[in-house]
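Novice: Sharing a structure here in structure tokens format.
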Amino acid sequence: MLKSNEDRASGVVTSGRWGQIYDDLKSAILAHNIAPGTKLPEDELGEVYSVSRTLVRAALQALAHDRLVQLEPNRGAFVAKPTKREAREVFEARAIIEPKVAAMAAAIAKPSDVKVLRRHLDEEHKAIHDGRQGDAVMLSARFHEGIAEIAGQTILTEIITSLCSRSALIISLYSRRADTFCESHAHHALVDAIAANSELDASELMTSHLVDLLSGIDVSESAGPQRKLSEILRGF
């Protein structure tokens, strides 16, 4: 089922000194503090956190697994920079898979499943209210993963988890609307349909939700000055 608050917000279970680097970089990327394409030098990060490059590398590899960072041979690590085509393909893939999964979840959802989803929505709202945009994005992604878990589809859950991680970055970086990353009414309507065991409504609501998310995406070049990594990360 849905993970704890900390796991939902970070996407993976982190531990030790590299976990702090992972958490800080992820939050900074999703909060728009580090622009797409920014280089993440191992030596500079090591100085900021007073750790070895081995620990920095572990954090960067975990971020690469989340599709937030790209590791390029002989060049190093860079914040991922999704293209317009990639953004569209990610959401098209989700639009093919998730409506069916939502219907499957609605068909077998128990009251305890619905209770977990509603509690999750409360956590999303709190993150938005507190101004924790990075957490809100990841919590929104975890909501979609939780629906797949209710459906009992292990393979599809893995696929949706990967797609949600990629779309979370796309939404965070390229949203045209302040509410794109977490539309409360859409998620509430989905939970209501699942609670009513309405497969058709769940499927149709998921489709319209994903279409609306894509309509709020504007992939364009980032502009404006970029602060030094040390200045950004020391604020966490």
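Ligands are numbered from 1 in the order shown, residues from 1 within each chain, and chains are lettered A, B, ... in the order they appear in the structure tokens.
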Could you list, as a list of chain:residue names, every residue within 9 Å of Ala107 in chain A, counting only C-alpha atoms and ignoring same-chain residues fewer than 5 positions away?

Specialist: A:Ala102, A:Ala151, A:Ile194, A:Asn197, A:Ser198, A:Glu199

Novice: What's the 8 Å shell around Ala186 in chain A, counting only C-alpha atoms, without same-chain residues fewer than 3 positions away, as a count of residues only?

Specialist: 5

Novice: I want to know what sits within 12 Å of Ile21 in chain A, based on only C-alpha atoms, with residues of the same chain fewer than 6 positions away left out; could you give that as number ranges by chain?

Specialist: A: 10, 14-15, 27-28, 40, 42, 44-63, 229-230, 233-234, 236

Novice: For Ala193 in chain A, which of A:Ala35, A:Gly216, A:Lys115, A:Met206 is the closest residue, counting only C-alpha atoms?

Specialist: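 Between A:Ala35, A:Gly216, A:Lys115, A:Met206, the residue approaching Ala193 in chain A most closely is A:Met206.
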
Novice: Between CA of Asp218 in chain A and CA of Arg75 in chain A, what distance in Å does the model show, to one decimal?

Specialist: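 These atoms are spaced 28.1 Å apart.
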
Novice: Tell me, which residues of range 4-215 of chain A carry DSSP strand (DSSP E or B), written as a list in words?

Specialist: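 Strand (DSSP E or B) members of range 4-215 of chain A, listed: Lys39, Val69, Gln70, Leu71, Glu72, Gly76, Ala77, Phe78, Val79 and Ser175 of chain A.
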
Novice: With N, CA and C atoms kept, could you save the residues just selected as a compact mmCIF listing (two decimals), in the first residue's frame?

Specialist:
```
# COMPACT_ATOMS: atom_id res chain seq x y z
N LYS A 39 24.62 21.13 -14.48
CA LYS A 39 25.61 20.12 -14.13
C LYS A 39 25.69 19.99 -12.61
N VAL A 69 17.86 12.84 -12.80
CA VAL A 69 19.24 13.16 -13.18
C VAL A 69 19.67 12.26 -14.33
N GLN A 70 20.48 12.80 -15.22
CA GLN A 70 21.06 12.01 -16.31
C GLN A 70 22.56 11.88 -16.07
N LEU A 71 23.05 10.64 -16.14
CA LEU A 71 24.48 10.38 -15.98
C LEU A 71 25.08 10.17 -17.37
N GLU A 72 26.02 11.02 -17.74
CA GLU A 72 26.62 10.95 -19.07
C GLU A 72 28.08 10.53 -18.96
N GLY A 76 29.69 13.50 -16.62
CA GLY A 76 29.17 13.68 -15.27
C GLY A 76 27.66 13.63 -15.19
N ALA A 77 27.12 14.23 -14.13
CA ALA A 77 25.68 14.19 -13.86
C ALA A 77 25.05 15.55 -14.16
N PHE A 78 23.84 15.51 -14.74
CA PHE A 78 23.10 16.72 -15.08
C PHE A 78 21.64 16.53 -14.67
N VAL A 79 21.01 17.63 -14.26
CA VAL A 79 19.57 17.58 -14.00
C VAL A 79 18.88 17.23 -15.32
N SER A 175 5.09 23.26 -15.82
CA SER A 175 3.67 23.54 -15.66
C SER A 175 3.36 25.01 -15.97
```

Novice: Env of Lys126 in chain A: 10 Å cut, atoms = only C-alpha atoms, seq-sep filter 6 positions within chain, self excluded. Answer as a PyMOL selection string.

Specialist: chain A and resi 120+132+135-136

Novice: As a list in words, please: the residues near Ala93 in chain A (cut-off 10 Å, only C-alpha atoms, same-chain neighbours under 6 positions excluded).

Specialist: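 Residues near the query, excluding close chain neighbours: Ile159, Ile160 and Leu163 of chain A.
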
Novice: Just asking: which residues within range 105-223 of chain A are alpha helix (DSSP H) according to DSSP, as JSON, numbers by chain?

Specialist: {"A": [105, 106, 107, 108, 111, 112, 113, 114, 115, 116, 117, 118, 119, 120, 121, 122, 123, 124, 125, 126, 127, 128, 129, 133, 134, 135, 136, 137, 138, 139, 140, 141, 142, 143, 144, 145, 146, 147, 148, 149, 150, 151, 154, 155, 156, 157, 158, 159, 160, 161, 162, 163, 164, 165, 166, 167, 168, 169, 170, 171, 172, 173, 174, 184, 185, 186, 187, 188, 189, 190, 191, 192, 193, 194, 195, 199, 200, 201, 202, 203, 204, 205, 206, 207, 208, 209, 210, 211, 212, 213, 214, 215]}

Novice: I'd like the interatomic distance between CA of Ala109 in chain A and CA of Glu92 in chain A, to a tenth of an Å.

Specialist: 25.6 Å

Novice: Restricting the calculation to only C-alpha atoms, which member of A:Lys81, A:His144, A:Arg88, A:His129 is positioned closest to Thr157 in chain A?

Specialist: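 Smallest distance to Thr157 in chain A is found for A:His144.
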